[in-house]
>>> print(open('my_file_6.pdb').read())   # PDB, C-alpha atoms
ATOM      1  CA  GLN A   1       0.000   0.000   0.000
ATOM      2  CA  ASN A   2       1.085   3.565  -0.500
ATOM      3  CA  LYS A   3       1.137   6.538   1.873
ATOM      4  CA  ASN A   4      -2.116   7.976   0.497
ATOM      5  CA  SER A   5      -4.052   4.773   1.156
ATOM      6  CA  TYR A   6      -2.932   4.818   4.793
ATOM      7  CA  LEU A   7      -3.942   8.460   5.148
ATOM      8  CA  GLN A   8      -7.328   7.666   3.598
ATOM      9  CA  ALA A   9      -7.841   4.731   5.963
ATOM     10  CA  PHE A  10      -7.024   6.989   8.916
ATOM     11  CA  LYS A  11      -9.563   9.560   7.736
ATOM     12  CA  GLU A  12     -12.212   6.834   7.433
ATOM     13  CA  ASN A  13     -11.528   5.492  10.928
ATOM     14  CA  TYR A  14     -10.529   8.625  12.837
ATOM     15  CA  HIS A  15     -12.497  11.829  12.173
ATOM     16  CA  ASP A  16      -9.571  14.009  13.279
ATOM     17  CA  GLY A  17      -7.007  12.171  11.116
ATOM     18  CA  VAL A  18      -3.458  11.298  12.108
ATOM     19  CA  THR A  19      -2.761  12.280  15.708
ATOM     20  CA  LEU A  20      -0.554  10.723  18.361
ATOM     21  CA  GLU A  21      -3.612   9.340  20.154
ATOM     22  CA  ASN A  22      -5.044   7.888  16.947
ATOM     23  CA  VAL A  23      -1.745   6.256  15.981
ATOM     24  CA  GLN A  24      -1.511   4.740  19.481
ATOM     25  CA  ASP A  25      -5.073   3.471  19.159
ATOM     26  CA  ALA A  26      -4.395   1.994  15.705
ATOM     27  CA  ILE A  27      -1.295   0.195  17.018
ATOM     28  CA  ALA A  28      -3.252  -1.144  20.014
ATOM     29  CA  GLU A  29      -5.976  -2.448  17.693
ATOM     30  CA  PHE A  30      -3.358  -4.098  15.487
ATOM     31  CA  GLU A  31      -1.726  -5.726  18.513
ATOM     32  CA  LYS A  32      -5.100  -7.194  19.530
ATOM     33  CA  SER A  33      -5.116  -9.030  16.200
ATOM     34  CA  LEU A  34      -1.896 -10.795  17.192
ATOM     35  CA  ILE A  35      -3.507 -12.515  20.175
ATOM     36  CA  THR A  36      -4.784 -15.882  19.062
ATOM     37  CA  PRO A  37      -5.855 -17.900  22.105
ATOM     38  CA  HIS A  38      -7.391 -21.343  22.416
ATOM     39  CA  SER A  39      -5.014 -23.308  20.248
ATOM     40  CA  ARG A  40      -5.120 -27.060  20.671
ATOM     41  CA  PHE A  41      -1.776 -26.759  22.487
ATOM     42  CA  ASP A  42      -3.293 -24.244  24.924
ATOM     43  CA  ARG A  43      -6.068 -26.725  25.673
ATOM     44  CA  PHE A  44      -3.436 -29.443  26.189
ATOM     45  CA  LEU A  45      -1.564 -27.235  28.678
ATOM     46  CA  GLN A  46      -4.850 -26.646  30.492
ATOM     47  CA  GLY A  47      -5.220 -30.387  31.019
ATOM     48  CA  ASP A  48      -7.143 -31.557  27.947
ATOM     49  CA  GLU A  49      -5.019 -34.598  27.091
ATOM     50  CA  LYS A  50      -7.241 -35.419  24.106
ATOM     51  CA  SER A  51      -6.600 -32.082  22.366
ATOM     52  CA  LEU A  52      -3.342 -33.467  20.907
ATOM     53  CA  THR A  53      -2.778 -36.713  19.062
ATOM     54  CA  ALA A  54      -0.083 -39.146  20.140
ATOM     55  CA  GLU A  55       2.096 -37.991  17.226
ATOM     56  CA  GLU A  56       1.700 -34.319  18.231
ATOM     57  CA  LYS A  57       2.617 -35.161  21.835
ATOM     58  CA  GLU A  58       5.686 -36.998  20.554
ATOM     59  CA  GLY A  59       6.542 -33.891  18.524
ATOM     60  CA  TYR A  60       6.254 -31.760  21.651
ATOM     61  CA  ALA A  61       8.528 -34.170  23.519
ATOM     62  CA  LEU A  62      11.059 -33.991  20.677
ATOM     63  CA  PHE A  63      10.790 -30.186  20.607
ATOM     64  CA  LYS A  64      11.732 -30.122  24.280
ATOM     65  CA  GLY A  65      14.230 -32.984  24.022
ATOM     66  CA  PHE A  66      16.167 -31.493  21.126
ATOM     67  CA  GLY A  67      16.432 -28.229  23.071
ATOM     68  CA  CYS A  68      14.225 -25.987  20.919
ATOM     69  CA  ILE A  69      12.556 -24.822  24.115
ATOM     70  CA  ALA A  70      15.764 -23.041  25.172
ATOM     71  CA  CYS A  71      15.019 -20.238  22.695
ATOM     72  CA  HIS A  72      11.324 -20.786  21.961
ATOM     73  CA  ASN A  73       9.756 -20.546  25.396
ATOM     74  CA  GLY A  74       7.067 -18.737  27.342
ATOM     75  CA  VAL A  75       3.439 -18.283  26.413
ATOM     76  CA  ASN A  76       4.263 -17.407  22.783
ATOM     77  CA  LEU A  77       7.026 -19.974  22.373
ATOM     78  CA  GLY A  78       9.278 -17.135  21.317
ATOM     79  CA  SER A  79      11.489 -14.726  23.107
ATOM     80  CA  ASN A  80      12.789 -11.232  23.369
ATOM     81  CA  LEU A  81      16.326 -12.284  22.589
ATOM     82  CA  TYR A  82      18.495 -12.259  19.537
ATOM     83  CA  GLN A  83      20.211 -15.522  18.742
ATOM     84  CA  LYS A  84      22.960 -16.405  16.333
ATOM     85  CA  LEU A  85      21.747 -18.425  13.365
ATOM     86  CA  GLY A  86      24.275 -21.207  13.029
ATOM     87  CA  ILE A  87      25.365 -21.849  16.611
ATOM     88  CA  MET A  88      26.459 -25.432  16.029
ATOM     89  CA  LYS A  89      26.944 -25.374  12.255
ATOM     90  CA  GLU A  90      27.570 -22.213  10.250
ATOM     91  CA  TYR A  91      24.600 -20.990   8.272
ATOM     92  CA  HIS A  92      24.819 -18.363   5.567
ATOM     93  CA  ASP A  93      22.275 -17.730   2.864
ATOM     94  CA  ALA A  94      22.846 -16.499  -0.651
ATOM     95  CA  THR A  95      21.880 -12.946   0.320
ATOM     96  CA  ASN A  96      24.707 -12.809   2.886
ATOM     97  CA  ASN A  97      22.374 -11.005   5.292
ATOM     98  CA  LEU A  98      24.492 -10.146   8.322
ATOM     99  CA  GLY A  99      21.546  -9.888  10.702
ATOM    100  CA  ARG A 100      21.636  -7.458  13.604
ATOM    101  CA  PHE A 101      25.101  -6.317  12.477
ATOM    102  CA  ASN A 102      23.367  -4.383   9.684
ATOM    103  CA  VAL A 103      21.855  -2.153  12.373
ATOM    104  CA  THR A 104      24.493  -2.054  15.138
ATOM    105  CA  LYS A 105      27.666  -2.378  13.032
ATOM    106  CA  LYS A 106      29.122  -4.421  15.916
ATOM    107  CA  ASN A 107      30.976  -7.571  14.866
ATOM    108  CA  ARG A 108      29.491  -9.518  17.770
ATOM    109  CA  ASP A 109      26.040  -9.060  16.157
ATOM    110  CA  ARG A 110      26.907 -10.798  12.875
ATOM    111  CA  TYR A 111      24.271 -13.422  12.012
ATOM    112  CA  TYR A 112      22.152 -12.653  15.091
ATOM    113  CA  TYR A 113      18.409 -12.481  14.475
ATOM    114  CA  LYS A 114      15.329 -11.975  16.627
ATOM    115  CA  VAL A 115      13.925 -15.282  17.888
ATOM    116  CA  PRO A 116      10.346 -15.334  16.614
ATOM    117  CA  THR A 117       7.232 -16.575  18.324
ATOM    118  CA  LEU A 118       6.074 -19.940  17.090
ATOM    119  CA  ARG A 119       2.403 -19.123  17.629
ATOM    120  CA  ASN A 120       0.571 -19.523  14.315
ATOM    121  CA  ILE A 121       3.836 -20.645  12.693
ATOM    122  CA  ALA A 122       1.926 -22.938  10.322
ATOM    123  CA  LEU A 123       0.296 -19.806   8.844
ATOM    124  CA  THR A 124       3.375 -17.622   8.434
ATOM    125  CA  ALA A 125       5.480 -19.111   5.635
ATOM    126  CA  PRO A 126       7.981 -18.360   4.227
ATOM    127  CA  TYR A 127      10.455 -18.749   7.069
ATOM    128  CA  LEU A 128      13.746 -17.396   8.379
ATOM    129  CA  HIS A 129      14.872 -13.782   8.390
ATOM    130  CA  ASN A 130      14.800 -13.595   4.613
ATOM    131  CA  GLY A 131      11.879 -15.816   3.695
ATOM    132  CA  SER A 132      14.211 -18.262   1.951
ATOM    133  CA  ILE A 133      12.692 -21.417   3.427
ATOM    134  CA  LYS A 134       9.265 -22.150   2.001
ATOM    135  CA  THR A 135       8.107 -25.021   4.212
ATOM    136  CA  LEU A 136       7.794 -25.761   7.901
ATOM    137  CA  PRO A 137       9.628 -29.107   7.584
ATOM    138  CA  GLY A 138      12.447 -27.280   5.802
ATOM    139  CA  VAL A 139      12.946 -24.722   8.547
ATOM    140  CA  VAL A 140      12.655 -27.364  11.296
ATOM    141  CA  ARG A 141      15.466 -29.361   9.631
ATOM    142  CA  ILE A 142      17.660 -26.262   9.357
ATOM    143  CA  MET A 143      17.072 -25.288  12.976
ATOM    144  CA  ILE A 144      17.868 -28.765  14.298
ATOM    145  CA  GLU A 145      20.992 -29.071  12.184
ATOM    146  CA  HIS A 146      22.415 -25.547  12.473
ATOM    147  CA  GLN A 147      21.187 -24.513  15.913
ATOM    148  CA  LEU A 148      21.341 -27.829  17.719
ATOM    149  CA  GLY A 149      24.062 -29.660  15.796
ATOM    150  CA  ARG A 150      22.029 -32.748  15.064
ATOM    151  CA  ILE A 151      20.834 -34.447  11.926
ATOM    152  CA  PRO A 152      17.140 -35.135  12.454
ATOM    153  CA  LYS A 153      15.323 -38.201  11.230
ATOM    154  CA  LYS A 154      12.506 -37.466   8.800
ATOM    155  CA  SER A 155      10.022 -38.912  11.288
ATOM    156  CA  ASP A 156      11.260 -36.521  13.996
ATOM    157  CA  VAL A 157      10.789 -33.535  11.691
ATOM    158  CA  THR A 158       7.284 -34.742  10.813
ATOM    159  CA  LYS A 159       6.322 -35.078  14.478
ATOM    160  CA  ILE A 160       7.731 -31.670  15.407
ATOM    161  CA  VAL A 161       5.832 -30.095  12.506
ATOM    162  CA  LYS A 162       2.658 -31.819  13.690
ATOM    163  CA  PHE A 163       3.256 -30.300  17.138
ATOM    164  CA  LEU A 164       3.924 -26.834  15.678
ATOM    165  CA  GLU A 165       0.634 -27.014  13.794
ATOM    166  CA  THR A 166      -1.162 -27.239  17.167
ATOM    167  CA  LEU A 167       0.026 -23.699  17.966
ATOM    168  CA  THR A 168      -2.521 -22.084  15.658
ATOM    169  CA  GLY A 169      -5.105 -20.270  17.751
ATOM    170  CA  GLU A 170      -8.391 -18.557  17.115
ATOM    171  CA  LEU A 171      -7.958 -15.591  14.826
ATOM    172  CA  PRO A 172      -9.726 -12.359  15.840
ATOM    173  CA  GLU A 173     -12.761 -11.350  13.762
ATOM    174  CA  ILE A 174     -10.877  -8.445  12.173
ATOM    175  CA  VAL A 175      -8.300 -10.847  10.704
ATOM    176  CA  LYS A 176     -10.940 -13.340   9.534
ATOM    177  CA  GLU A 177     -12.721 -10.592   7.565
ATOM    178  CA  LYS A 178      -9.797  -9.914   5.244
TER     179      LYS A 178
END
>>> encode(input="my_file_6.pdb", output="C-alpha cells")
Amino acid sequence: QNKNSYLQAFKENYHDGVTLENVQDAIAEFEKSLITPHSRFDRFLQGDEKSLTAEEKEGYALFKGFGCIACHNGVNLGSNLYQKLGIMKEYHDATNNLGRFNVTKKNRDRYYYKVPTLRNIALTAPYLHNGSIKTLPGVVRIMIEHQLGRIPKKSDVTKIVKFLETLTGELPEIVKEK
C-alpha cells in the first residue's frame, strides 16, 4: 500500500485524522489481532489430554528434548532475545544477510536475528529472516541441524511439525474478515 491509502484509511476510521492518540489506538488495535488464544496446544496445557494426538505429543517431547525450548519458550514460544543463526553449524544464505550487524555495526552481532514466536507458525510461511525457506519441515530441519548440531530423522521432523501445527489459535474477527 502507499502513503495515500494509509492516510485515507485513517480519515475513514478517525475523524480528526493522524494524531498521536489515533496512531496509538491503531497500534493497540493491530496488537489485539496478534492474540490468538485457544489453540489445541493451549487446551493441552490446560489439562485436555485429548486435544493433541499421540504424534503431536511426541513432537512436543522432541521439541523439548532437542532443546528448541531453550530459545522458543514462554506463552508465545518465542522470546525477546536475539540468537545467532548457526550456533552449532555455520549458516549463511545467498543474500549474505548479516543480521543485527546491519543495524548495530558491531561484529558480535553478525548473524544474530530476533527469535520469533512460534504461535501460528503454520500460517506464516515463508520462514527465516529472509523468507528463503518455504516449508515448515524445511525450517525445522535447518534449525535442528544448524542450531542444535544434530541431523534429524525425517520422522522426527514430521512429528515436530505436527506439534507446531497445534500452535494455531483462534484468529480475531478483524483478521478473519480480510
>>> atom_distance(input="my_file_6.pdb", atom1="CA of Met88 in chain A", atom2="CA of Glu55 in chain A")
27.4 Å
>>> residues_around(input="my_file_6.pdb", residues="range 131-143 of chain A", least_positions_apart="3", cutoff="12 Å", atoms="only C-alpha atoms", output="VMD selection string")
chain A and resid 59 62 to 63 66 to 68 71 to 72 83 to 97 115 118 120 to 128 146 to 165
>>> atom_distance(input="my_file_6.pdb", atom1="CA of Glu29 in chain A", atom2="CA of Asn13 in chain A")
11.8 Å
>>> closest_residue(input="my_file_6.pdb", among="A:Arg40, A:Asn102, A:Ala70, A:Tyr112", to="Glu56 in chain A", atoms="only C-alpha atoms")
A:Arg40
>>> atom_distance(input="my_file_6.pdb", atom1="CA of Thr117 in chain A", atom2="CA of Ser79 in chain A")
6.7 Å
>>> closest_residue(input="my_file_6.pdb", among="A:Lys11, A:Arg43, A:Arg108, A:Arg119", to="Val23 in chain A", atoms="only C-alpha atoms")
A:Lys11
>>> resolve_selection(input="my_file_6.pdb", expression="the PyMOL selection byres ((chain A and resi 5-10) around 12)", output="list in words")
Gln1, Asn2, Lys3, Asn4, Lys11, Glu12, Asn13, Tyr14, His15, Asp16, Gly17, Val18, Thr19, Glu21, Asn22, Val23, Asp25 and Ala26 of chain A
>>> axis_aligned_box(input="my_file_6.pdb", around="range 22-38 of chain A", padding_each_side="8 Å", output="JSON")
{"center_x": -4.3, "center_y": -6.7, "center_z": 19.0, "size_x": 22.1, "size_y": 45.2, "size_z": 22.9}
>>> closest_residue(input="my_file_6.pdb", among="A:Leu77, A:Ala28, A:Ala54, A:Ile35", to="Pro172 in chain A", atoms="only C-alpha atoms")
A:Ile35
>>> residues_around(input="my_file_6.pdb", residues="Gly99 in chain A", least_positions_apart="4", cutoff="7 Å", atoms="only C-alpha atoms", output="list in words")
Arg110, Tyr111, Tyr112 and Tyr113 of chain A
>>> write_last_selection(input="my_file_6.pdb", atoms="C-alpha atoms", output="mmCIF file, in the coordinates of the input")
data_model
loop_
_atom_site.group_PDB
_atom_site.id
_atom_site.type_symbol
_atom_site.label_atom_id
_atom_site.label_comp_id
_atom_site.auth_asym_id
_atom_site.auth_seq_id
_atom_site.Cartn_x
_atom_site.Cartn_y
_atom_site.Cartn_z
ATOM 1 C CA ARG A 110 26.907 -10.798 12.875
ATOM 2 C CA TYR A 111 24.271 -13.422 12.012
ATOM 3 C CA TYR A 112 22.152 -12.653 15.091
ATOM 4 C CA TYR A 113 18.409 -12.481 14.475
#
>>> resolve_selection(input="my_file_6.pdb", expression="the PyMOL selection byres ((chain A and resi 80) around 9)", output="PDB file with C-alpha atoms, in the frame of the given file")
ATOM      1  CA  GLY A  78       9.278 -17.135  21.317  1.00  0.00           C
ATOM      2  CA  SER A  79      11.489 -14.726  23.107  1.00  0.00           C
ATOM      3  CA  LEU A  81      16.326 -12.284  22.589  1.00  0.00           C
ATOM      4  CA  TYR A  82      18.495 -12.259  19.537  1.00  0.00           C
ATOM      5  CA  LYS A 114      15.329 -11.975  16.627  1.00  0.00           C
ATOM      6  CA  VAL A 115      13.925 -15.282  17.888  1.00  0.00           C
ATOM      7  CA  PRO A 116      10.346 -15.334  16.614  1.00  0.00           C
TER       8      PRO A 116
END
>>> closest_residue(input="my_file_6.pdb", among="A:Asn130, A:Leu98, A:Asn76, A:Lys105", to="Pro37 in chain A", atoms="only C-alpha atoms")
A:Asn76
>>> residues_around(input="my_file_6.pdb", residues="Ser51 in chain A", least_positions_apart="6", cutoff="10 Å", atoms="only C-alpha atoms", output="CSV table (one decimal) with C-alpha atoms, keeping the file's coordinate frame")
chain,number,residue,atom,x,y,z
A,39,SER,CA,-5.0,-23.3,20.2
A,40,ARG,CA,-5.1,-27.1,20.7
A,41,PHE,CA,-1.8,-26.8,22.5
A,42,ASP,CA,-3.3,-24.2,24.9
A,43,ARG,CA,-6.1,-26.7,25.7
A,44,PHE,CA,-3.4,-29.4,26.2
A,45,LEU,CA,-1.6,-27.2,28.7
A,57,LYS,CA,2.6,-35.2,21.8
A,166,THR,CA,-1.2,-27.2,17.2
